[in-house]
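The structure under discussion appears below in the form of structure tokens.
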Amino acid sequence: MRLYRPPVLLALAAAACAARAEIPIDACDSPSFQIVQHASSQKLDARAVWLDRRLAKWPGADPAASFKLYYSPTAAIVATVGSKVLGAAGALTLDVFTGAVPPAPATRFKYVQPGPVLAVRAVDLARLPELHRGQMVLVQEAPDGTVRAATDLQAAGALDDLYAAAGTLDNLGVAPGRKQARFSLWAPTAQQAAVCLYDTGSSRARGVFPMAFDGRTGAWNAALAGDQRGKYYKYALDVAVNGAGIVRNLVTDPYSVSLTTDSKRSYIADLAAPSLKPKDWDKTPAPGTVKAQTDMVVYELHVRDFSINDASVSPAHRGKYAAFTETESNGLRHLAALAKAGLTDIHLLPVYDIGSVPEQGCVVPAPAGAPDGSAQQALVKKTAETDCFNWGYDPYHYNAPEGSYATDPADGARRIIELREMVQSLHRAGLRVGMDVVFNHTFSAGQNEKSVLDRIVPGYYHRLDANGAVERSTCCDNTATENLMMGKLMIDSVALWATQYKIDSFRFDLMGHQPRAVMEQLQKRVANAARRKVQLIGEGWNFGEVAEGARFVQASQLSLNGTGIGTFNDRERDAVRGGSAGDSGIDMIKHQGYINGLTYDPNTSGAERPLAELMRTADLVRAGLAGSIRSYPLVTLDDRSVPLAAIDYNGQPAGYASEPGETVNYVENHDNQTLFDINVLKLPVATSSADRARVQVLGMAVNAFSQGVAYFHAGIDILRSKSLDRNSFNSGDWFNRIDWSYQDNYFGTGLPPADDNGKDWPLLKPLLANAAIKPTPDDIAFTRDAFRDLLRIRASSTLFRMRSAQDIKQRLRFFNTGSRQEPTVVGAHIDGKGYPGAGFEGISYFVNVDKVAHVIVDREAQGKRMRLHPVHRAPGAADKRAASAGYDSFTGTFSIPPRTAVVFVEGETSDMGASKRKRNRH
């Protein structure tokens, strides 16, 4: 084909484009894309940025040069330095702008490096919407008209300005009814678009229906007569693609609510239809256990992990949504027991449509080998891309359920019904349902087969670097939720899950890559749509191209205070576990944490740690127990009373939250080693399996006693191990199994996959081979039951989950602090007098991480009548050692056994009985 069109044919080219034949039905059964008109193979960087519909900025360009904006409806421009531009249909002259850039685009594009701002002349502004539907190249010309420099332009700023009305669209996707189905697709740069309709997920197209363009919103619309529910569709649209020409993309709907196998086609579904609802779906409410965000006690769980290894689940349901409906299975009985003890939420790793798992015919490897062998991981990695497992942080379609968890992924209805049945079953078990959402990146971008957004509006939905390449700081293709329609997609998606699937809370992956303003819009919109409070929590990490507010005010730890949106607390996590999430090699072993031996039980790494480090770590633990509230005053190791914001954590403030609901406390989640595994690495090797179980309970206790949201990883209560795997996202069922029969924790099932753990193998191998480290069923049962007791203790009183920072400052008091403290014991008192739901006049709790008992004095406890918490006094209490803890009222002295967490109470009130009766109803 011709690489470019000579200038003499420009008028003919424009006419040909305008009169292009409608998309034929054959295109609906073609490959995912076709070249309609091939352009030059030249692909230009996009170094210039549209600030709005009129202004563009070109970093590094010579402001004294002459600038022209060349355009071509056939994407045939060739702009070679030293030659004149070929293949263009025309050009606009741009003037250097000397005024002030309007505040909104100036703020939005503050990160763009210095360079001239160029302005489209007023007479040409009306032409720009049409020019955006073809190719535009910005050229810096020499006096003789030859090219000195040329660049593509990043278009989001212009498109958001031109089509601002798109932000009000409420009908994107398909709205089916008995008499017609209405389709709407936002694609303002497309030259034409059509709906391809199919009777089934695999049949040939039964029709192709042109769509009409709305110049106000940039959306394409079509109405098909008749009842189209249960059928399938795709969109065919022609778009200009940099370096390829005019491409006809056959693509699924980004607003798909369901799909066929492997997401090949979108499914037409009316989510309000009775046929897509389980029996009594509209009558099954969510449990009312969460009155404030701090009431949340979360258990993070992967759908496949939950049941794939559970022999008590029907074989056809293992690894599926349907497993959650088998109420007599070991797994569901485990979750129901946790709900009865005080767990409020199951947070599911991604259940939206993901791109990384085959939905049908996936491989299930069967590894075997020595406890420290490498054969297991070799087999797992050999089948990693074709097996049935992945964490699912690979968004393909945000609004549709994942098909690999459905019993029949080919049927677009089944995944809808079965996901709803799962939610309904968990609600009936007394558990709210949370959902992990990943709007910071997509599985793919560009013209790749599993790219959706970028094949509809090329270059719009993803965050671009200075050259126009997609940023990948999140490991994948970063999305740009600061752009109007990507932000809208995120908000619309969360609203859909909250309303149509009754999802109660959301966890946002790498939430710090989202703008705070967009998260606040989402917060308000979702609450209004759901007509109830929907809790939002997420990872507020500050890194990548958006770090330190480079592009916008982020939804990050230090920027979200005051919003009520919770972020994960790495301060407490690192203090409890030791080191940081990025440690490897000998650093991973020598950096012991508060519960696993720092200074008081050193391992053999040869690293001697000063007592002051233990005391600083104890202060960080106290900060976490206080909810990491910025203004909470703490007496630190140097005997100064300072707000938590003044305590250092790796150059950041230890206290970062304004209110306790903005803190999510955890010591283990799906990322990094499990708590059991990190303790294997950090505890002295000779530590008994019984003591390892006690250390596990200490970590869970710190979390349970901390103000804020309590977040636990599924299996933490049964000593879950991943055989020391630090990143099991693609490690298959073998390294991610859970045993709900409580016989095995799967430590010592082979060396973990080499790609993320290989350099640590010399350190891991002798540990995995050590049979003495592996827990016994008795150890697992002890940890399981101790965790349930911790849940009961937290549920017994709102003092462990106070509502406001002011409450915490007024009522929570630490003792055994300062330079004369016993640093292996944290002791605190919470005043309950007059506090709603306190259950007690006061609570004192202790966490002794040492191998020996300690006596701690609280002068303010003298003369009080305190005794062990009712949970510790119960005949079935798990931790008999905690029951031996003592209190002397005359001296205010508490005796705390070794490696024990214990709670004392003062004055049980009538509220306590009411609280227990409420919990027993679940």
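For the structure tokens, the naming scheme is as follows: chains receive sequential letters (A, B, ...) according to their order of presentation, residues are indexed from 1 within each chain, and ligands are indexed from 1 in presentation order.
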Which neighbours of Tyr746 of chain A fall inside 7 Å, counting only C-alpha atoms, when residues of the same chain fewer than 4 positions from it are skipped, and could you give them as a list in words?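 Listing them by chain and then by number gives Ser721, Lys722 and Ser723 of chain A.
Excluding His317 of chain A itself and any same-chain residue fewer than 5 positions from it, the protein and nucleic acid residues within 12 Å of it, counting only C-alpha atoms, are Val303, Arg304, Phe306, Ser307, Ile308, Asn309, Asp310, Ala311, Ser312, Ala322, Ala323, Phe324, Thr325, Glu326, Ser329, Ser404, Tyr405, Ala406, Thr407, Asp408, Glu418 and Met422 of chain A.
Relative to atom CA of Arg463 of chain A, atom CA of Tyr396 of chain A is found at 16.9 Å.
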What lies within 9 Å of Lys682 of chain A using only C-alpha atoms, ignoring chain neighbours under 4 positions off, as a count of residues only? 15
Within segment 410-604 of chain A, find each residue whose DSSP state, derived from the backbone, is strand (DSSP E), and express the selection as a PyMOL selection string. chain A and resi 432-437+441-442+477-478+505-508+535-538+566-568
Near segment 903-905 of chain A, counting only C-alpha atoms, which residues have an atom at most 10 Å away, once you skip same-chain residues fewer than 4 positions from it, shown as a VMD selection string? chain A and resid 705 790 793 827 to 830 832 839 to 847 864 to 872 882 to 883 885 to 887 894
Atoms kept (C-alpha atoms) for selection, written as a JSON list (two decimals), in the first residue's frame:
[["chain", "number", "residue", "atom", "x", "y", "z"],
["A", 705, "PHE", "CA", -6.39, -3.60, 69.62],
["A", 790, "LEU", "CA", -9.43, -11.43, 69.78],
["A", 793, "ILE", "CA", -12.76, -8.83, 72.55],
["A", 827, "GLY", "CA", 0.33, -1.18, 78.06],
["A", 828, "ALA", "CA", -2.67, 1.08, 77.58],
["A", 829, "HIS", "CA", -5.86, 2.12, 79.31],
["A", 830, "ILE", "CA", -9.05, 3.30, 77.63],
["A", 832, "GLY", "CA", -15.10, 3.96, 78.92],
["A", 839, "GLY", "CA", -19.47, -2.09, 77.59],
["A", 840, "PHE", "CA", -17.04, -1.34, 80.41],
["A", 841, "GLU", "CA", -16.08, 1.60, 82.56],
["A", 842, "GLY", "CA", -12.53, 1.04, 81.45],
["A", 843, "ILE", "CA", -10.21, -1.33, 79.59],
["A", 844, "SER", "CA", -6.51, -1.98, 80.08],
["A", 845, "TYR", "CA", -4.67, -4.07, 77.52],
["A", 846, "PHE", "CA", -1.15, -5.41, 77.31],
["A", 847, "VAL", "CA", 1.02, -7.00, 74.66],
["A", 864, "LYS", "CA", -9.64, 0.08, 90.82],
["A", 865, "ARG", "CA", -11.59, -3.13, 90.61],
["A", 866, "MET", "CA", -10.31, -4.77, 87.43],
["A", 867, "ARG", "CA", -10.41, -8.33, 86.24],
["A", 868, "LEU", "CA", -9.70, -10.30, 83.11],
["A", 869, "HIS", "CA", -11.94, -9.67, 80.12],
["A", 870, "PRO", "CA", -14.94, -12.05, 80.02],
["A", 871, "VAL", "CA", -13.51, -13.70, 76.91],
["A", 872, "HIS", "CA", -10.36, -14.66, 78.82],
["A", 882, "ALA", "CA", -3.53, -15.15, 79.25],
["A", 883, "ALA", "CA", -5.90, -16.44, 81.94],
["A", 885, "ALA", "CA", -2.23, -12.85, 84.04],
["A", 886, "GLY", "CA", -2.61, -10.98, 87.31],
["A", 887, "TYR", "CA", -3.60, -7.60, 88.73],
["A", 894, "PHE", "CA", -0.16, -6.10, 86.31]]
Mind checking which residues fall within 6 Å of segment 550-563 of chain A, counting only C-alpha atoms, ignoring those fewer than 5 positions away in the same chain, and posting them as JSON, numbers by chain? {"A": [111, 511, 512, 514, 515, 516, 540, 541, 656, 657, 658]}
Go ahead and dump the residues you just picked, C-alpha atoms, as a CSV table (one decimal), in the first residue's frame.
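Listed below is the output, selection-v5.csv:
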chain,number,residue,atom,x,y,z
A,111,TYR,CA,4.1,18.9,35.4
A,511,MET,CA,-5.0,4.5,45.3
A,512,GLY,CA,-2.3,7.1,45.6
A,514,GLN,CA,-5.8,8.6,41.8
A,515,PRO,CA,-6.6,12.3,42.4
A,516,ARG,CA,-8.0,13.0,45.8
A,540,GLY,CA,-2.1,5.4,49.7
A,541,TRP,CA,1.5,4.8,48.6
A,656,TYR,CA,-0.8,10.8,59.3
A,657,ALA,CA,-4.5,10.5,59.7
A,658,SER,CA,-7.0,13.1,60.9
Atom CA of Arg121 of chain A to atom CA of Thr93 of chain A, straight-line distance in Å: 7.6 Å
In segment 756-803 of chain A, what's alpha helix (DSSP H) per DSSP? Answer as number ranges by chain? A: 756-757, 761-768, 777-795
Would you mind listing, for every residue of segment 114-215 of chain A within 12 Å of segment 34-57 of chain A, the two atoms forming the shortest contact and the distance between them in Å to one decimal, using only C-alpha atoms, sorted by chain and ascending residue number, as CSV?
residue,atom,partner,partner_atom,distance
A:Pro114,CA,A:Lys57,CA,8.3
A:Gly115,CA,A:Lys57,CA,6.4
A:Pro116,CA,A:Lys57,CA,5.8
A:Val117,CA,A:Lys57,CA,4.3
A:Leu118,CA,A:Ala56,CA,5.1
A:Ala119,CA,A:Leu55,CA,4.7
A:Val120,CA,A:Arg54,CA,5.3
A:Arg121,CA,A:Arg54,CA,7.9
A:Ala122,CA,A:Arg54,CA,8.4
A:Val123,CA,A:Arg54,CA,11.1
A:Asp124,CA,A:Arg54,CA,9.4
A:Leu125,CA,A:Arg54,CA,6.9
A:Ala126,CA,A:Arg53,CA,9.8
A:Arg127,CA,A:Arg53,CA,10.7
A:Leu128,CA,A:Arg53,CA,7.6
A:Pro129,CA,A:Arg53,CA,8.8
A:Leu131,CA,A:Arg53,CA,11.4
A:His132,CA,A:Arg53,CA,10.2
A:Gly134,CA,A:Gln37,CA,11.6
A:Gln135,CA,A:Ala39,CA,10.1
A:Met136,CA,A:Ala46,CA,10.6
A:Val137,CA,A:Leu44,CA,8.5
A:Leu138,CA,A:Ala48,CA,7.8
A:Val139,CA,A:Ala48,CA,10.2
A:Gln140,CA,A:Ala48,CA,11.4
A:Ala149,CA,A:Leu44,CA,10.5
A:Ala150,CA,A:Leu44,CA,7.6
A:Thr151,CA,A:Ala46,CA,5.4
A:Asp152,CA,A:Ala46,CA,4.2
A:Leu153,CA,A:Ala48,CA,4.7
A:Gln154,CA,A:Val49,CA,4.7
A:Ala155,CA,A:Trp50,CA,5.5
A:Ala156,CA,A:Trp50,CA,7.0
A:Gly157,CA,A:Asp52,CA,4.7
A:Ala158,CA,A:Arg53,CA,4.1
A:Leu159,CA,A:Arg53,CA,7.0
A:Asp160,CA,A:Asp52,CA,7.5
A:Asp161,CA,A:Asp52,CA,5.6
A:Leu162,CA,A:Arg53,CA,6.0
A:Tyr163,CA,A:Arg53,CA,9.6
A:Ala164,CA,A:Arg53,CA,10.7
A:Gln191,CA,A:Val36,CA,11.4
A:Gln192,CA,A:Val36,CA,11.8
My list of candidates is A:Val826, A:Leu496, A:Val364, A:Ala469. Which is closest to Ala272 of chain A when distances are computed with only C-alpha atoms?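 Between A:Val826, A:Leu496, A:Val364, A:Ala469, the residue approaching Ala272 of chain A most closely is A:Leu496.
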Name the residues in contact with Glu359 of chain A at a cut-off of 9 Å, using only C-alpha atoms, excluding same-chain residues fewer than 3 positions from it; report them as a ChimeraX atom specification. /A:261-263,362,388,402-406,409-410
Selected residues written out with N, CA and C atoms, as a compact mmCIF listing (two decimals), in the first residue's frame:
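To be explicit, this is the file written out as part18.txt:
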# COMPACT_ATOMS: atom_id res chain seq x y z
N THR A 261 -16.98 -16.29 27.01
CA THR A 261 -15.70 -16.87 27.39
C THR A 261 -14.52 -16.04 26.91
N ASP A 262 -13.58 -15.81 27.84
CA ASP A 262 -12.36 -15.05 27.57
C ASP A 262 -12.65 -13.66 27.02
N SER A 263 -13.83 -13.15 27.35
CA SER A 263 -14.18 -11.75 27.05
C SER A 263 -14.16 -11.44 25.57
N CYS A 362 -8.25 -24.07 31.42
CA CYS A 362 -6.98 -23.71 32.06
C CYS A 362 -6.32 -24.97 32.64
N CYS A 388 -4.98 -21.83 36.12
CA CYS A 388 -6.25 -21.21 36.50
C CYS A 388 -6.10 -20.11 37.54
N GLU A 402 -15.72 -11.61 36.63
CA GLU A 402 -14.73 -12.50 36.03
C GLU A 402 -15.37 -13.86 35.71
N GLY A 403 -15.08 -14.36 34.51
CA GLY A 403 -15.71 -15.59 34.04
C GLY A 403 -15.09 -16.87 34.55
N SER A 404 -13.81 -16.85 34.93
CA SER A 404 -13.16 -18.09 35.37
C SER A 404 -13.74 -18.58 36.69
N TYR A 405 -14.42 -17.71 37.43
CA TYR A 405 -15.04 -18.10 38.69
C TYR A 405 -16.48 -18.57 38.52
N ALA A 406 -17.00 -18.51 37.29
CA ALA A 406 -18.35 -18.96 37.01
C ALA A 406 -18.34 -20.42 36.58
N PRO A 409 -18.49 -20.09 31.94
CA PRO A 409 -18.07 -18.77 31.46
C PRO A 409 -18.62 -18.42 30.09
N ALA A 410 -19.11 -19.39 29.34
CA ALA A 410 -19.65 -19.11 28.01
C ALA A 410 -21.01 -18.45 28.08
